[in-house]
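Novice: Please find one structure pasted underneath; my questions will follow.
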Number of protein chains: 2
Amino acid sequence: MGAPIEFYFDFSSPYGYVASTLADDLGKRVGREVTWRPFLLGPVFKANGMAPLVDVPMKGDYSKHDFVRTARYYGVPFSLPAKFPIGAIAALRSFYWINDLDPAKAKAFAKAVYKAYFVDGQDISAADVVVPIAKSLGVDSDALAAALNDPAVKDRAKQEVEKIIGKGAFGSPFFIVDGESFWGTDRMAMLEEWVKRGGW
Amino acid sequence: MGAPIEFYFDFSSPYGYVASTLADDLGKRVGREVTWRPFLLGPVFKANGMAPLVDVPMKGDYSKHDFVRTARYYGVPFSLPAKFPIGAIAALRSFYWINDLDPAKAKAFAKAVYKAYFVDGQDISAADVVVPIAKSLGVDSDALAAALNDPAVKDRAKQEVEKIIGKGAFGSPFFIVDGESFWGTDRMAMLEEWVKRGGW
């Protein structure tokens, strides 16, 4: 088996959510593991003079329509949350804390957070929404709630985000495999071809 | 035959160029005419606080690599011109002037301009590069050269650009069919499905 497909996403990203429902199947088709790693687009936008899609005047309405259209295209349940976009830092810190204990559980947590936000419309920017999601997966919720206030846990999450941005990730979803970067749900077919053919 | 697929592009756009090599075949597959209309991204970027891809720090290197990778993926000859991006207003004005005389020739002109820029590396921002391209297609080059200095021709081109931006086009390529907008070469497969299925 070759190197894993690195899958980077923001919990507030509709395209990241759609990609999350497709990534593991893609990995199976090409015989690669998929490593899930959340990061934050906020610092990227700030450093690059970019804005969230829905805040760019001409892109806003197009994007909101396209989120729904894209989800339906892939057969994925989706509803744009009332509060959107959000800063998903509590979910991000939780992910890395859980990941240190149990990577499989961290992936299950990421899927559950995405579902809570983009299917059930819960405000996942709130720690008191995120912690019960982790609890439902068997995570020690008291320990997690305490960890979210631990400066070391905060710093750890910050370093992960910086590391991912340092790899060049500027959008969500963002994939890296065999040193090749792919941005966007609509590039997953190209990524798959790239791995199958070994590039071109 | 249903309504045409409206294809909007900037002559300075690599993805617009790649799309131009694929658009007519897509139209044939779904039984729709494709209307080619150049516009300018400059005013869109200015009005929306956006910048050309290659000028966004984190997107620049990715984009330059992706132009080449995307062209190879589709089997399209491509080389990033030394002077890039450019303001393609001479080519745009020429297109609309030719289009009033002979729409088929205008499309041939658009293809020749794209080839001159993205295959042969000519500086198509210059009128004295664009006019000979038109001449090689049988256009009256003296009349075209004169027209490029005609305020009415300039105004006509400006109005076309404003009309296209008024339809919501904010990137290149940009397609509209049956009232549905699609942005990007990598959305052409979705567009094709949309027309085939009549939406979803």
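Quick note on naming: the chains in the structure tokens go A, B, ... in the order shown, residues restart at 1 in each chain, and ligands are numbered from 1 in order of appearance.
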Within segment 11-200 of chain B, find each residue whose DSSP state, derived from the backbone, is strand (DSSP E), and express the selection as a PyMOL selection string.
Specialist: chain B and resi 34-38+174-177+180-183
Novice: Segment 31-33 of chain A: which residues within 10 Å, counting only C-alpha atoms, same-chain residues fewer than 4 positions away excluded, as a count of residues only?
Specialist: 14
Novice: Write out as a PyMOL selection string the residues lying within 12 Å of Arg69 of chain A, counting only C-alpha atoms and excluding same-chain residues fewer than 6 positions away.
Specialist: (chain A and resi 14-15+18+62-63+75-80) or (chain B and resi 180-182+187+190-191+193-194+199-200)
Novice: Counting only C-alpha atoms, a student should be able to say which residues of chain A come within 12 Å of chain B; what is the right answer, written as a PyMOL selection string?
Specialist: chain A and resi 43-63+65-66+68-75+165-171+174+176+180-194+197+199-200
Novice: In terms of the shortest atom-to-atom distance over only C-alpha atoms, which of B:Ser94, B:Asp150, B:Ala143, B:Val130 is closest to Lys115 of chain B?
Specialist: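 Among the listed residues, the smallest separation from Lys115 of chain B belongs to B:Val130.
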Novice: Would you mind reading off the distance between atom CA of Asp155 of chain B and atom CA of Lys105 of chain B, one decimal, in Å?
Specialist: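 About the pair atom CA of Asp155 of chain B and atom CA of Lys105 of chain B: they are 21.4 Å apart.
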Novice: List every residue of segment 4-167 of chain B that DSSP, applied to the backbone of this structure, assigns to helix (DSSP H, G or I), and report them as a PyMOL selection string.
Specialist: chain B and resi 14-20+23-30+42-48+53-55+57-73+89-101+103-118+127-136+141-147+151-166
Novice: Please save C-alpha atoms of the selected residues as a compact mmCIF listing (two decimals), in the first residue's frame.
Specialist:
```txt
# COMPACT_ATOMS: atom_id res chain seq x y z
CA PRO B 14 -6.02 29.05 -18.64
CA TYR B 15 -9.11 27.22 -17.42
CA GLY B 16 -11.20 29.14 -19.95
CA TYR B 17 -8.82 27.96 -22.64
CA VAL B 18 -9.03 24.33 -21.52
CA ALA B 19 -12.83 24.60 -21.39
CA SER B 20 -12.86 26.06 -24.91
CA ALA B 23 -17.22 22.92 -24.77
CA ASP B 24 -18.42 22.14 -28.29
CA ASP B 25 -18.02 18.39 -27.80
CA LEU B 26 -20.03 18.63 -24.60
CA GLY B 27 -22.71 20.54 -26.50
CA LYS B 28 -22.87 17.81 -29.16
CA ARG B 29 -23.21 15.09 -26.53
CA VAL B 30 -26.23 16.76 -24.98
CA GLY B 42 -10.67 42.47 -14.25
CA PRO B 43 -13.87 44.41 -13.43
CA VAL B 44 -15.23 41.40 -11.51
CA PHE B 45 -12.12 41.14 -9.36
CA LYS B 46 -12.16 44.89 -8.73
CA ALA B 47 -15.84 44.94 -7.72
CA ASN B 48 -15.54 41.86 -5.49
CA LEU B 53 -5.32 33.31 -8.76
CA VAL B 54 -1.59 33.63 -9.33
CA ASP B 55 -1.48 36.80 -7.19
CA PRO B 57 0.01 34.06 -2.07
CA MET B 58 -0.97 30.49 -1.23
CA LYS B 59 -2.87 29.88 -4.46
CA GLY B 60 -0.19 31.12 -6.85
CA ASP B 61 2.14 28.13 -7.06
CA TYR B 62 -0.72 25.66 -6.78
CA SER B 63 -2.53 27.33 -9.66
CA LYS B 64 0.47 27.47 -11.96
CA HIS B 65 1.05 23.77 -11.39
CA ASP B 66 -2.64 23.00 -11.73
CA PHE B 67 -2.98 24.80 -15.09
CA VAL B 68 -0.42 22.40 -16.56
CA ARG B 69 -1.81 19.35 -14.77
CA THR B 70 -5.38 20.13 -15.86
CA ALA B 71 -4.40 20.67 -19.48
CA ARG B 72 -2.50 17.36 -19.53
CA TYR B 73 -5.46 15.62 -17.86
CA ILE B 89 -9.39 43.82 -24.37
CA ALA B 90 -8.14 44.03 -27.98
CA ALA B 91 -9.07 40.39 -28.52
CA LEU B 92 -12.42 40.96 -26.85
CA ARG B 93 -13.31 43.98 -28.99
CA SER B 94 -12.20 42.13 -32.10
CA PHE B 95 -14.37 39.16 -31.19
CA TYR B 96 -17.58 41.19 -30.95
CA TRP B 97 -16.79 43.15 -34.11
CA ILE B 98 -16.20 39.90 -36.03
CA ASN B 99 -19.22 38.27 -34.39
CA ASP B 100 -21.54 40.93 -35.86
CA LEU B 101 -20.29 39.99 -39.33
CA PRO B 103 -20.55 34.32 -35.68
CA ALA B 104 -18.84 31.15 -36.92
CA LYS B 105 -15.74 33.16 -37.78
CA ALA B 106 -15.81 34.81 -34.35
CA LYS B 107 -15.68 31.38 -32.72
CA ALA B 108 -12.78 30.36 -34.97
CA PHE B 109 -11.09 33.62 -33.99
CA ALA B 110 -11.55 32.89 -30.29
CA LYS B 111 -9.98 29.45 -30.73
CA ALA B 112 -7.06 30.95 -32.69
CA VAL B 113 -6.47 33.64 -30.03
CA TYR B 114 -6.43 31.05 -27.26
CA LYS B 115 -3.97 28.91 -29.24
CA ALA B 116 -1.76 31.92 -29.96
CA TYR B 117 -1.60 32.73 -26.25
CA PHE B 118 -1.54 29.38 -24.47
CA ALA B 127 -3.70 44.71 -31.13
CA ASP B 128 -0.89 44.11 -33.63
CA VAL B 129 -0.85 40.46 -32.55
CA VAL B 130 -4.61 40.02 -32.56
CA VAL B 131 -5.33 41.67 -35.92
CA PRO B 132 -3.07 39.32 -37.94
CA ILE B 133 -4.77 36.35 -36.27
CA ALA B 134 -8.09 37.66 -37.58
CA LYS B 135 -6.54 38.29 -40.98
CA SER B 136 -5.39 34.67 -41.21
CA SER B 141 -7.64 43.40 -41.15
CA ASP B 142 -7.59 47.10 -42.13
CA ALA B 143 -11.25 47.42 -41.22
CA LEU B 144 -10.67 45.57 -37.93
CA ALA B 145 -7.62 47.69 -37.02
CA ALA B 146 -9.70 50.83 -37.62
CA ALA B 147 -12.63 49.41 -35.65
CA PRO B 151 -15.47 54.54 -29.66
CA ALA B 152 -18.68 52.78 -30.73
CA VAL B 153 -16.85 49.45 -31.00
CA LYS B 154 -15.20 50.00 -27.63
CA ASP B 155 -18.54 50.88 -26.08
CA ARG B 156 -20.21 47.86 -27.64
CA ALA B 157 -17.59 45.52 -26.12
CA LYS B 158 -17.94 47.22 -22.73
CA GLN B 159 -21.68 46.71 -22.79
CA GLU B 160 -21.27 43.02 -23.62
CA VAL B 161 -18.93 42.60 -20.65
CA GLU B 162 -21.33 44.42 -18.33
CA LYS B 163 -24.23 42.30 -19.57
CA ILE B 164 -22.31 39.09 -18.86
CA ILE B 165 -21.24 40.23 -15.40
CA GLY B 166 -24.86 41.22 -14.84
```
Novice: In Å, rounded to a single decimal, give me how far atom CA of Asp123 of chain A is from atom CA of Ser12 of chain A.
Specialist: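 Straight-line distance from atom CA of Ser12 of chain A to atom CA of Asp123 of chain A works out to 10.2 Å.
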